[in-house]
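> Structure in structure tokens, see below.
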Number of protein chains: 2
Amino acid sequence: MENKTNVTINDVARIAGVSKRTVSRVINGSDAVGKQTREHIEAIIKEVNFQPDKQARGLASKRSYLLGLIYDNPDALYIDQVQRGALEICANLGFELVVHPCQWENQDFIEDCLNFIGRSRVDGVLILPPVSESNLLAETLSKENVPYIRIASTDLEDSNNIVITKEREAMRELATHIVELGHKNVAIITGPMNYHSSKERLGGLTEVFSKHGVVIGPDNLIEGKNRYESGLECAKQLLTRSPRPTAILANNDQMAAGVIRAAFDLGIKVPEELSVAGFDDNIIASRIIPSLTTMRRPVEEISRLATQKLIRNIKPEPNASNKKITVTPYLITRESTSHVKK
Amino acid sequence: MENKTNVTINDVARIAGVSKRTVSRVINGSDAVGKQTREHIEAIIKEVNFQPDKQARGLASKRSYLLGLIYDNPDALYIDQVQRGALEICANLGFELVVHPCQWENQDFIEDCLNFIGRSRVDGVLILPPVSESNLLAETLSKENVPYIRIASTDLEDSNNIVITKEREAMRELATHIVELGHKNVAIITGPMNYHSSKERLGGLTEVFSKHGVVIGPDNLIEGKNRYESGLECAKQLLTRSPRPTAILANNDQMAAGVIRAAFDLGIKVPEELSVAGFDDNIIASRIIPSLTTMRRPVEEISRLATQKLIRNIKPEPNASNKKITVTPYLITRESTSHVKK
DNA sequence: TTAAAATTTGCCACCGGTGGCAAATTGTCG
DNA sequence: CGACAATTTGCCACCGGTGGCAAATTTTAA
């Protein structure tokens with residue numbers, strides 16, 4: 001462990017008996033270096049533990065080796081998973097991750113993001129839902145030539161900068177599960193309907209339900225806010241209606257947890273008298289009693305894919321294919337859903 | 001919104017009709033600038049939305065305006081709160097936050113951290129528990145002259161670089177609560193006993209219990225791993241012992257959630273037959289049924305304080321006092337604890 | 001009024017790398 | 001074997017700021 005002094009490129013060059021330009025070429029994997037020269041220099045770099053200064057490199061090459069993570073999501077568990085996935089890729093490719101939470105419904109949010117990008121000099125940004133749904137942000141970044149990747153639920157006509165989670169398809173699977181359990185009287189708590197993702201998820205459900213005679217109308221459809229408290233409140237409304245639904249599907253796990261609490265408070269047994277399902281499979285889904293049937297979104301995997309794509313957008317590799325990336329969540333069946341009682 | 005072109009210090013200097021050195025002085029708040037010159041330049045900076053390049057600044061001044069966040073904590077909710085607190089301060093003081101999860105029990109963890117610091121050129125690091133308990137890391141950073149702050153539960157003889165959470169005192173409060181509820185047969189699931197924090201929390205509990213005749217011995221003390229699964233397993237052991245404890249105190253909320261699950265699986269009613277308490281007040285504590293009595297750790301506040309202190313250590317202000325910072329968690333009473341039945 | 005001191009400001013080198021282009025070296029072929 | 005092409009390598013300017021020091025200006029003191 002001799003991390004002591006900061007070795008510079010000049011030191012390496014001097015030791016190797018070459019010019020620093022050649023060392024620079026080696027660092028950057030340029031092909032125009034003789035084989036033995038390269039190996040000699042690489043050995044020395046390893047030996048003296050030379051780590052090129054990101055500041056200087058950035059200044060000269062217009063690259064900071066920093067990635068920004070832009071989000072406005074109350075779900076800490078989701079963010080954490082994204083970070084882990086992204087960092088795994090960053091570590092491999094020599095990037096660092098700078099986090100930037102924001103308020104995407106504020107008026108100055110675009111400016112705030114641009115300022116962040118300007119200040120921090122990140123080479124590109126990863127944009128998480130729901131911020132990823134802002135076409136204005138995407139267009140602005142395009143115009144400013146800032147590489148970005150959006151993680152989102154639909155194509156949004158921006159397919160080269162997006163990783164798509166097929167939420168509509170996922171919800172079809174969930175709806176099928178519910179139909180198979182014999183539920184006819186199903187209620188849905190959607191997310192905020194100005195989110196694409198809420199529309200996609202609802203769409204997937206109703207497609208299947210309508211084919212099987214499960215009617216979704218104003219009486220059993222309610223718009224939630226994706227938070228626990230909101231799920232609690234919406235469920236209290238739904239559960240006092242008559243006829244009482246035998247299943248409630250919430251737009252995410254947080255709200256589903258609220259539904260379970262509401263049922264508990266009203267003395268309604270889950271799943272015997274009420275089936276409940278969520279979306280995300282965040283940690284709460286497996287901790288709550290009864291544990292929650294939900295759609296697992298492989299967040300870490302999505303994040304890894306998105307980060308790779310982002311870095312490839314920043315420094316294009318010739319041989320890399322550039323196809324659209326999609327991921328589909330899948331059903332996790334737990335205690336909160338069961339056959340409807342006759 | 002005219003973020004378009006990247007304005008440089010030369011542009012500002014030219015527009016203001018001064019040298020860039022003078023503009024630099026204004027940016028850095030040097031006192032050696034004439035009042036009207038300063039105001040003139042400041043106006044122009046605002047007008048053209050000049051944002052000094054962090055790379056260049058860093059290269060020249062040996063400062064990156066980046067802070068590192070080092071942690072190895074499975075609890076995403078805790079990390080998220082820390083980030084929010086830290087970012088609030090960073091935003092005010094012109095810093096960015098770079099995250100670095102690690103495996104502090106790996107052999108090369110010190111080297112890994114040093115490499116991270118070297119690579120990213122962070123100006124200082126915030127170290128979260130349990131990594132903060134590593135005296136070796138702290139000493140190494142001292143030796144390398146890297147500013148750091150540890151968030152930890154005891155003084156660790158490093159008081160100028162530490163923000164202390166008084167966990168022992170907190171646990172006294174919890175123990176008192178349990179004693180007041182009449183419990184005599186109490187079991188404890190500790191954290192890993194090689195963590196200071198686990199010792200502190202256990203110490204606080206036993207201090208109070210021993211004064212009130214509540215005996216803690218091998219029969220009702222078990223070492224957990226701070227995770228849900230561990231709480232589940234430990235509780236299953238404790239709850240099949242005879243006499244069965246009337247209260248189980250877990251070292252954190254994750255394990256307490258496991259205890260509640262174990263009780264549920266064994267048909268033991270909480271809180272009627274068993275009181276349960278945790279530590280942290282993370283989100284799961286209020287979501288679970290029954291909701292969890294716990295000690296709230298004001299994580300965001302702690303993080304803000306730590307970040308401020310860190311930045312002050314990086315660029316010392318003359319008038320800033322430099323006293324020790326401590327925070328004490330406090331009791332949140334919910335559904336999972338009640339009077340012991342006679 | 002003038003010299004000396006204090007305050008402001010500007011010049012220039014430098015931080016540690018990268019990029020363009022020319023120079024040096026090696027290889028190829030008639 | 002010499003001329004020419006291809007491959008390697010080095011020189012030097014530059015990225016956008018900061019720091020030291022001297023120069024210019026203003027203030028104070030005699």
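Quick note on naming: the chains in the structure tokens go A, B, ... in the order shown, residues restart at 1 in each chain, and ligands are numbered from 1 in order of appearance.
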Can you pull out the residues contacting DA6 of chain C? Cut-off 12 Å, using only C-alpha atoms (C1' of nucleotides), and skip same-chain residues under 4 positions away; I want them as a list in words.
Ala32 of chain B; DT25, DT26, DT27 and DT28 of chain D
> Near chain A, meaning an atom within 7 Å, which residues of chain B appear when counting only C-alpha atoms? Write them as a PyMOL selection string.
chain B and resi 51+53-56+58-59+76-77+80+96-99+119-120+257+284+287-289
> Please return as a short mmCIF file (atom, residue, chain, number, x, y, z; two decimals) with C-alpha atoms, in the first residue's frame: the residues of segment 92-262 of chain A that backbone DSSP assigns to strand (DSSP E).

```
data_model
loop_
_atom_site.label_atom_id
_atom_site.label_comp_id
_atom_site.auth_asym_id
_atom_site.auth_seq_id
_atom_site.Cartn_x
_atom_site.Cartn_y
_atom_site.Cartn_z
CA GLU A 96 -18.15 8.43 -10.52
CA LEU A 97 -21.76 9.11 -9.68
CA VAL A 98 -23.02 12.51 -8.54
CA VAL A 99 -26.54 12.60 -7.19
CA HIS A 100 -29.05 15.37 -7.80
CA PRO A 101 -32.56 15.14 -6.40
CA GLY A 124 -24.07 12.78 -18.95
CA VAL A 125 -27.12 12.18 -16.80
CA LEU A 126 -29.34 9.30 -15.88
CA ILE A 127 -32.93 10.41 -15.46
CA TYR A 148 -28.67 11.43 -21.18
CA ILE A 149 -30.65 8.25 -20.66
CA ARG A 150 -34.20 8.11 -19.45
CA ILE A 151 -35.58 5.19 -17.53
CA ALA A 152 -39.25 5.14 -18.35
CA ILE A 162 -34.27 5.46 -23.17
CA VAL A 163 -34.50 2.21 -21.30
CA ILE A 164 -38.03 0.98 -21.29
CA THR A 165 -39.78 -0.92 -18.56
CA VAL A 186 -61.96 -5.37 -8.67
CA ALA A 187 -60.97 -1.84 -7.68
CA ILE A 188 -57.91 0.02 -8.86
CA ILE A 189 -55.94 2.78 -7.21
CA THR A 190 -53.95 4.43 -9.99
CA LEU A 221 -61.31 3.44 -10.00
CA ILE A 222 -59.60 6.09 -7.94
CA GLU A 223 -56.54 8.24 -8.48
CA ALA A 247 -59.58 -7.15 -4.80
CA ILE A 248 -57.73 -3.84 -4.84
CA LEU A 249 -54.80 -3.27 -7.15
CA ALA A 250 -52.59 -0.34 -6.24
#
```
> With distances taken over only C-alpha atoms (C1' of nucleotides), which residue among C:DC14, C:DG19, C:DT9, C:DT28 lies nearest Gly17 of chain B?
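Looking only at the distances to Gly17 of chain B, the closest residue turns out to be C:DT9.
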> Near chain A, which residues of chain D fall within 12 Å when you count only C-alpha atoms (C1' of nucleotides), and what do they look like as an mmCIF file with all heavy atoms, in the first residue's frame?

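And here is the file that came out, result.cif:
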```
data_model
loop_
_atom_site.group_PDB
_atom_site.id
_atom_site.type_symbol
_atom_site.label_atom_id
_atom_site.label_comp_id
_atom_site.auth_asym_id
_atom_site.auth_seq_id
_atom_site.Cartn_x
_atom_site.Cartn_y
_atom_site.Cartn_z
ATOM 1 P P DA D 6 0.634 4.269 -46.674
ATOM 2 O OP1 DA D 6 -0.530 3.431 -47.094
ATOM 3 O OP2 DA D 6 0.473 5.720 -46.511
ATOM 4 O "O5'" DA D 6 1.215 3.653 -45.329
ATOM 5 C "C5'" DA D 6 1.783 2.338 -45.342
ATOM 6 C "C4'" DA D 6 2.216 1.977 -43.929
ATOM 7 O "O4'" DA D 6 3.447 2.681 -43.609
ATOM 8 C "C3'" DA D 6 1.199 2.364 -42.848
ATOM 9 O "O3'" DA D 6 1.083 1.283 -41.923
ATOM 10 C "C2'" DA D 6 1.801 3.610 -42.191
ATOM 11 C "C1'" DA D 6 3.301 3.362 -42.368
ATOM 12 N N9 DA D 6 4.096 4.592 -42.466
ATOM 13 C C8 DA D 6 3.808 5.730 -43.175
ATOM 14 N N7 DA D 6 4.732 6.662 -43.084
ATOM 15 C C5 DA D 6 5.691 6.097 -42.251
ATOM 16 C C6 DA D 6 6.926 6.580 -41.763
ATOM 17 N N6 DA D 6 7.411 7.780 -42.060
ATOM 18 N N1 DA D 6 7.640 5.756 -40.969
ATOM 19 C C2 DA D 6 7.148 4.536 -40.668
ATOM 20 N N3 DA D 6 6.000 3.976 -41.074
ATOM 21 C C4 DA D 6 5.319 4.822 -41.871
ATOM 22 P P DT D 7 0.081 1.341 -40.685
ATOM 23 O OP1 DT D 7 -0.550 0.006 -40.541
ATOM 24 O OP2 DT D 7 -0.738 2.560 -40.818
ATOM 25 O "O5'" DT D 7 1.069 1.538 -39.460
ATOM 26 C "C5'" DT D 7 2.191 0.682 -39.335
ATOM 27 C "C4'" DT D 7 3.183 1.252 -38.349
ATOM 28 O "O4'" DT D 7 3.708 2.504 -38.854
ATOM 29 C "C3'" DT D 7 2.595 1.573 -36.966
ATOM 30 O "O3'" DT D 7 3.346 0.868 -35.999
ATOM 31 C "C2'" DT D 7 2.764 3.090 -36.827
ATOM 32 C "C1'" DT D 7 3.943 3.355 -37.745
ATOM 33 N N1 DT D 7 4.077 4.747 -38.267
ATOM 34 C C2 DT D 7 5.237 5.437 -37.991
ATOM 35 O O2 DT D 7 6.151 4.979 -37.336
ATOM 36 N N3 DT D 7 5.284 6.717 -38.515
ATOM 37 C C4 DT D 7 4.309 7.336 -39.279
ATOM 38 O O4 DT D 7 4.472 8.472 -39.692
ATOM 39 C C5 DT D 7 3.127 6.554 -39.524
ATOM 40 C C7 DT D 7 2.008 7.150 -40.328
ATOM 41 C C6 DT D 7 3.057 5.294 -39.013
ATOM 42 P P DT D 8 2.814 0.685 -34.484
ATOM 43 O OP1 DT D 8 2.899 -0.733 -34.104
ATOM 44 O OP2 DT D 8 1.517 1.398 -34.366
ATOM 45 O "O5'" DT D 8 3.898 1.460 -33.636
ATOM 46 C "C5'" DT D 8 4.277 2.705 -34.076
ATOM 47 C "C4'" DT D 8 5.530 3.168 -33.374
ATOM 48 O "O4'" DT D 8 5.951 4.337 -34.094
ATOM 49 C "C3'" DT D 8 5.275 3.620 -31.933
ATOM 50 O "O3'" DT D 8 6.474 3.485 -31.169
ATOM 51 C "C2'" DT D 8 4.861 5.076 -32.121
ATOM 52 C "C1'" DT D 8 5.681 5.511 -33.347
ATOM 53 N N1 DT D 8 4.970 6.459 -34.263
ATOM 54 C C2 DT D 8 5.618 7.609 -34.639
ATOM 55 O O2 DT D 8 6.742 7.889 -34.278
ATOM 56 N N3 DT D 8 4.893 8.429 -35.469
ATOM 57 C C4 DT D 8 3.617 8.214 -35.948
ATOM 58 O O4 DT D 8 3.087 9.042 -36.703
ATOM 59 C C5 DT D 8 2.985 6.991 -35.522
ATOM 60 C C7 DT D 8 1.603 6.670 -35.988
ATOM 61 C C6 DT D 8 3.686 6.176 -34.696
ATOM 62 P P DT D 9 6.478 3.895 -29.598
ATOM 63 O OP1 DT D 9 7.635 3.205 -28.986
ATOM 64 O OP2 DT D 9 5.133 3.714 -29.050
ATOM 65 O "O5'" DT D 9 6.811 5.434 -29.639
ATOM 66 C "C5'" DT D 9 8.131 5.855 -29.981
ATOM 67 C "C4'" DT D 9 8.193 7.360 -30.069
ATOM 68 O "O4'" DT D 9 7.274 7.835 -31.075
ATOM 69 C "C3'" DT D 9 7.804 8.109 -28.790
ATOM 70 O "O3'" DT D 9 8.993 8.615 -28.197
ATOM 71 C "C2'" DT D 9 6.869 9.226 -29.256
ATOM 72 C "C1'" DT D 9 6.984 9.183 -30.763
ATOM 73 N N1 DT D 9 5.742 9.538 -31.501
ATOM 74 C C2 DT D 9 5.744 10.676 -32.266
ATOM 75 O O2 DT D 9 6.692 11.420 -32.378
ATOM 76 N N3 DT D 9 4.554 10.927 -32.914
ATOM 77 C C4 DT D 9 3.403 10.154 -32.866
ATOM 78 O O4 DT D 9 2.400 10.479 -33.496
ATOM 79 C C5 DT D 9 3.473 8.974 -32.044
ATOM 80 C C7 DT D 9 2.292 8.081 -31.923
ATOM 81 C C6 DT D 9 4.635 8.720 -31.398
ATOM 82 P P DG D 10 8.900 9.569 -26.868
ATOM 83 O OP1 DG D 10 10.169 9.390 -26.120
ATOM 84 O OP2 DG D 10 7.605 9.356 -26.183
ATOM 85 O "O5'" DG D 10 8.915 11.029 -27.504
ATOM 86 C "C5'" DG D 10 9.942 11.357 -28.432
ATOM 87 C "C4'" DG D 10 9.831 12.830 -28.822
ATOM 88 O "O4'" DG D 10 8.666 13.003 -29.673
ATOM 89 C "C3'" DG D 10 9.644 13.788 -27.650
ATOM 90 O "O3'" DG D 10 10.404 14.971 -27.922
ATOM 91 C "C2'" DG D 10 8.143 14.082 -27.649
ATOM 92 C "C1'" DG D 10 7.794 13.995 -29.133
ATOM 93 N N9 DG D 10 6.433 13.571 -29.426
ATOM 94 C C8 DG D 10 5.792 12.475 -28.908
ATOM 95 N N7 DG D 10 4.574 12.318 -29.385
ATOM 96 C C5 DG D 10 4.414 13.367 -30.272
ATOM 97 C C6 DG D 10 3.314 13.733 -31.095
ATOM 98 O O6 DG D 10 2.233 13.150 -31.206
ATOM 99 N N1 DG D 10 3.578 14.879 -31.841
ATOM 100 C C2 DG D 10 4.747 15.577 -31.807
ATOM 101 N N2 DG D 10 4.811 16.657 -32.580
ATOM 102 N N3 DG D 10 5.785 15.262 -31.046
ATOM 103 C C4 DG D 10 5.549 14.154 -30.311
ATOM 104 P P DC D 11 10.581 16.095 -26.762
ATOM 105 O OP1 DC D 11 12.041 16.245 -26.627
ATOM 106 O OP2 DC D 11 9.751 15.780 -25.574
ATOM 107 O "O5'" DC D 11 9.995 17.402 -27.460
ATOM 108 C "C5'" DC D 11 10.277 17.656 -28.825
ATOM 109 C "C4'" DC D 11 9.416 18.800 -29.327
ATOM 110 O "O4'" DC D 11 8.103 18.302 -29.683
ATOM 111 C "C3'" DC D 11 9.196 19.911 -28.284
ATOM 112 O "O3'" DC D 11 9.355 21.172 -28.906
ATOM 113 C "C2'" DC D 11 7.769 19.678 -27.795
ATOM 114 C "C1'" DC D 11 7.095 19.075 -29.029
ATOM 115 N N1 DC D 11 5.987 18.135 -28.712
ATOM 116 C C2 DC D 11 4.769 18.259 -29.399
ATOM 117 O O2 DC D 11 4.631 19.140 -30.242
ATOM 118 N N3 DC D 11 3.770 17.388 -29.106
ATOM 119 C C4 DC D 11 3.955 16.435 -28.189
ATOM 120 N N4 DC D 11 2.935 15.591 -27.944
ATOM 121 C C5 DC D 11 5.180 16.306 -27.475
ATOM 122 C C6 DC D 11 6.155 17.166 -27.769
ATOM 123 P P DC D 12 9.450 22.507 -28.016
ATOM 124 O OP1 DC D 12 10.386 23.382 -28.749
ATOM 125 O OP2 DC D 12 9.686 22.159 -26.599
ATOM 126 O "O5'" DC D 12 7.982 23.099 -28.146
ATOM 127 C "C5'" DC D 12 7.359 23.158 -29.431
ATOM 128 C "C4'" DC D 12 5.910 23.537 -29.263
ATOM 129 O "O4'" DC D 12 5.139 22.346 -28.942
ATOM 130 C "C3'" DC D 12 5.648 24.539 -28.129
ATOM 131 O "O3'" DC D 12 4.733 25.491 -28.592
ATOM 132 C "C2'" DC D 12 5.068 23.663 -27.027
ATOM 133 C "C1'" DC D 12 4.275 22.660 -27.862
ATOM 134 N N1 DC D 12 3.932 21.394 -27.169
ATOM 135 C C2 DC D 12 2.735 20.755 -27.493
ATOM 136 O O2 DC D 12 1.999 21.245 -28.364
ATOM 137 N N3 DC D 12 2.411 19.602 -26.850
ATOM 138 C C4 DC D 12 3.225 19.096 -25.919
ATOM 139 N N4 DC D 12 2.861 17.974 -25.326
ATOM 140 C C5 DC D 12 4.449 19.736 -25.581
ATOM 141 C C6 DC D 12 4.760 20.870 -26.217
ATOM 142 P P DA D 13 4.503 26.851 -27.786
ATOM 143 O OP1 DA D 13 5.265 27.875 -28.511
ATOM 144 O OP2 DA D 13 4.732 26.617 -26.347
ATOM 145 O "O5'" DA D 13 2.946 27.099 -28.037
ATOM 146 C "C5'" DA D 13 2.381 26.736 -29.297
ATOM 147 C "C4'" DA D 13 0.921 26.363 -29.097
ATOM 148 O "O4'" DA D 13 0.831 25.058 -28.448
ATOM 149 C "C3'" DA D 13 0.147 27.334 -28.193
ATOM 150 O "O3'" DA D 13 -1.132 27.552 -28.765
ATOM 151 C "C2'" DA D 13 0.075 26.617 -26.865
ATOM 152 C "C1'" DA D 13 -0.009 25.151 -27.305
ATOM 153 N N9 DA D 13 0.474 24.186 -26.319
ATOM 154 C C8 DA D 13 1.609 24.261 -25.558
ATOM 155 N N7 DA D 13 1.788 23.229 -24.767
ATOM 156 C C5 DA D 13 0.693 22.412 -25.035
ATOM 157 C C6 DA D 13 0.307 21.171 -24.514
ATOM 158 N N6 DA D 13 0.998 20.495 -23.601
ATOM 159 N N1 DA D 13 -0.841 20.629 -24.995
ATOM 160 C C2 DA D 13 -1.530 21.314 -25.920
ATOM 161 N N3 DA D 13 -1.260 22.479 -26.486
ATOM 162 C C4 DA D 13 -0.122 22.988 -25.990
ATOM 163 P P DC D 14 -2.128 28.614 -28.130
ATOM 164 O OP1 DC D 14 -2.888 29.164 -29.267
ATOM 165 O OP2 DC D 14 -1.363 29.484 -27.210
ATOM 166 O "O5'" DC D 14 -3.123 27.732 -27.253
ATOM 167 C "C5'" DC D 14 -3.818 26.633 -27.849
ATOM 168 C "C4'" DC D 14 -4.521 25.856 -26.770
ATOM 169 O "O4'" DC D 14 -3.571 25.039 -26.048
ATOM 170 C "C3'" DC D 14 -5.227 26.727 -25.712
ATOM 171 O "O3'" DC D 14 -6.593 26.401 -25.699
ATOM 172 C "C2'" DC D 14 -4.544 26.365 -24.411
ATOM 173 C "C1'" DC D 14 -3.986 24.974 -24.701
ATOM 174 N N1 DC D 14 -2.827 24.571 -23.877
ATOM 175 C C2 DC D 14 -2.842 23.308 -23.284
ATOM 176 O O2 DC D 14 -3.801 22.557 -23.474
ATOM 177 N N3 DC D 14 -1.793 22.932 -22.516
ATOM 178 C C4 DC D 14 -0.759 23.776 -22.337
ATOM 179 N N4 DC D 14 0.250 23.352 -21.579
ATOM 180 C C5 DC D 14 -0.728 25.067 -22.934
ATOM 181 C C6 DC D 14 -1.774 25.421 -23.691
ATOM 182 P P DC D 15 -7.668 27.439 -25.081
ATOM 183 O OP1 DC D 15 -8.531 27.911 -26.185
ATOM 184 O OP2 DC D 15 -6.946 28.410 -24.235
ATOM 185 O "O5'" DC D 15 -8.535 26.531 -24.128
ATOM 186 C "C5'" DC D 15 -8.983 25.232 -24.509
ATOM 187 C "C4'" DC D 15 -9.299 24.458 -23.252
ATOM 188 O "O4'" DC D 15 -8.089 23.836 -22.779
ATOM 189 C "C3'" DC D 15 -9.786 25.355 -22.122
ATOM 190 O "O3'" DC D 15 -11.205 25.268 -22.044
ATOM 191 C "C2'" DC D 15 -9.141 24.778 -20.871
ATOM 192 C "C1'" DC D 15 -8.104 23.768 -21.377
ATOM 193 N N1 DC D 15 -6.713 24.009 -20.931
ATOM 194 C C2 DC D 15 -6.006 22.974 -20.306
ATOM 195 O O2 DC D 15 -6.558 21.900 -20.117
ATOM 196 N N3 DC D 15 -4.720 23.207 -19.926
ATOM 197 C C4 DC D 15 -4.156 24.394 -20.161
ATOM 198 N N4 DC D 15 -2.887 24.560 -19.778
ATOM 199 C C5 DC D 15 -4.867 25.451 -20.794
ATOM 200 C C6 DC D 15 -6.135 25.214 -21.161
ATOM 201 P P DG D 16 -12.026 26.675 -22.010
ATOM 202 O OP1 DG D 16 -13.421 26.326 -22.303
ATOM 203 O OP2 DG D 16 -11.319 27.711 -22.784
ATOM 204 O "O5'" DG D 16 -11.928 27.097 -20.476
ATOM 205 C "C5'" DG D 16 -12.498 26.253 -19.491
ATOM 206 C "C4'" DG D 16 -12.048 26.725 -18.126
ATOM 207 O "O4'" DG D 16 -10.623 26.516 -18.016
ATOM 208 C "C3'" DG D 16 -12.271 28.215 -17.867
ATOM 209 O "O3'" DG D 16 -12.698 28.356 -16.524
ATOM 210 C "C2'" DG D 16 -10.894 28.814 -18.064
ATOM 211 C "C1'" DG D 16 -10.041 27.693 -17.505
ATOM 212 N N9 DG D 16 -8.651 27.703 -17.914
ATOM 213 C C8 DG D 16 -8.111 28.277 -19.041
ATOM 214 N N7 DG D 16 -6.810 28.112 -19.118
ATOM 215 C C5 DG D 16 -6.478 27.388 -17.979
ATOM 216 C C6 DG D 16 -5.220 26.921 -17.527
ATOM 217 O O6 DG D 16 -4.111 27.044 -18.059
ATOM 218 N N1 DG D 16 -5.321 26.229 -16.315
ATOM 219 C C2 DG D 16 -6.502 26.024 -15.648
ATOM 220 N N2 DG D 16 -6.420 25.339 -14.517
ATOM 221 N N3 DG D 16 -7.693 26.457 -16.065
ATOM 222 C C4 DG D 16 -7.602 27.127 -17.229
ATOM 223 P P DG D 17 -13.469 29.619 -16.043
ATOM 224 O OP1 DG D 17 -14.870 29.442 -16.330
ATOM 225 O OP2 DG D 17 -12.758 30.829 -16.529
ATOM 226 O "O5'" DG D 17 -13.264 29.514 -14.453
ATOM 227 C "C5'" DG D 17 -12.289 30.283 -13.817
ATOM 228 C "C4'" DG D 17 -11.226 29.402 -13.201
ATOM 229 O "O4'" DG D 17 -10.307 29.057 -14.259
ATOM 230 C "C3'" DG D 17 -10.377 30.090 -12.140
ATOM 231 O "O3'" DG D 17 -10.939 29.816 -10.862
ATOM 232 C "C2'" DG D 17 -9.002 29.432 -12.293
ATOM 233 C "C1'" DG D 17 -9.021 28.850 -13.705
ATOM 234 N N9 DG D 17 -8.047 29.451 -14.609
ATOM 235 C C8 DG D 17 -8.305 30.228 -15.707
ATOM 236 N N7 DG D 17 -7.219 30.556 -16.368
ATOM 237 C C5 DG D 17 -6.197 29.971 -15.656
ATOM 238 C C6 DG D 17 -4.803 29.970 -15.899
ATOM 239 O O6 DG D 17 -4.180 30.518 -16.807
ATOM 240 N N1 DG D 17 -4.115 29.251 -14.918
ATOM 241 C C2 DG D 17 -4.700 28.595 -13.857
ATOM 242 N N2 DG D 17 -3.883 27.960 -13.021
ATOM 243 N N3 DG D 17 -5.997 28.580 -13.636
ATOM 244 C C4 DG D 17 -6.681 29.280 -14.566
#
```
> Between atom CA of Asp281 of chain A and atom CA of Thr294 of chain A, what is the distance, to one decimal in Å?
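Rounded to one decimal, the two atoms are 5.7 Å apart.
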> Among segment 157-256 of chain A, which ones does DSSP assign to alpha helix (DSSP H) (computed from the backbone)? Answer as number ranges by chain.
A: 167-180, 196-211, 228-239, 253-256
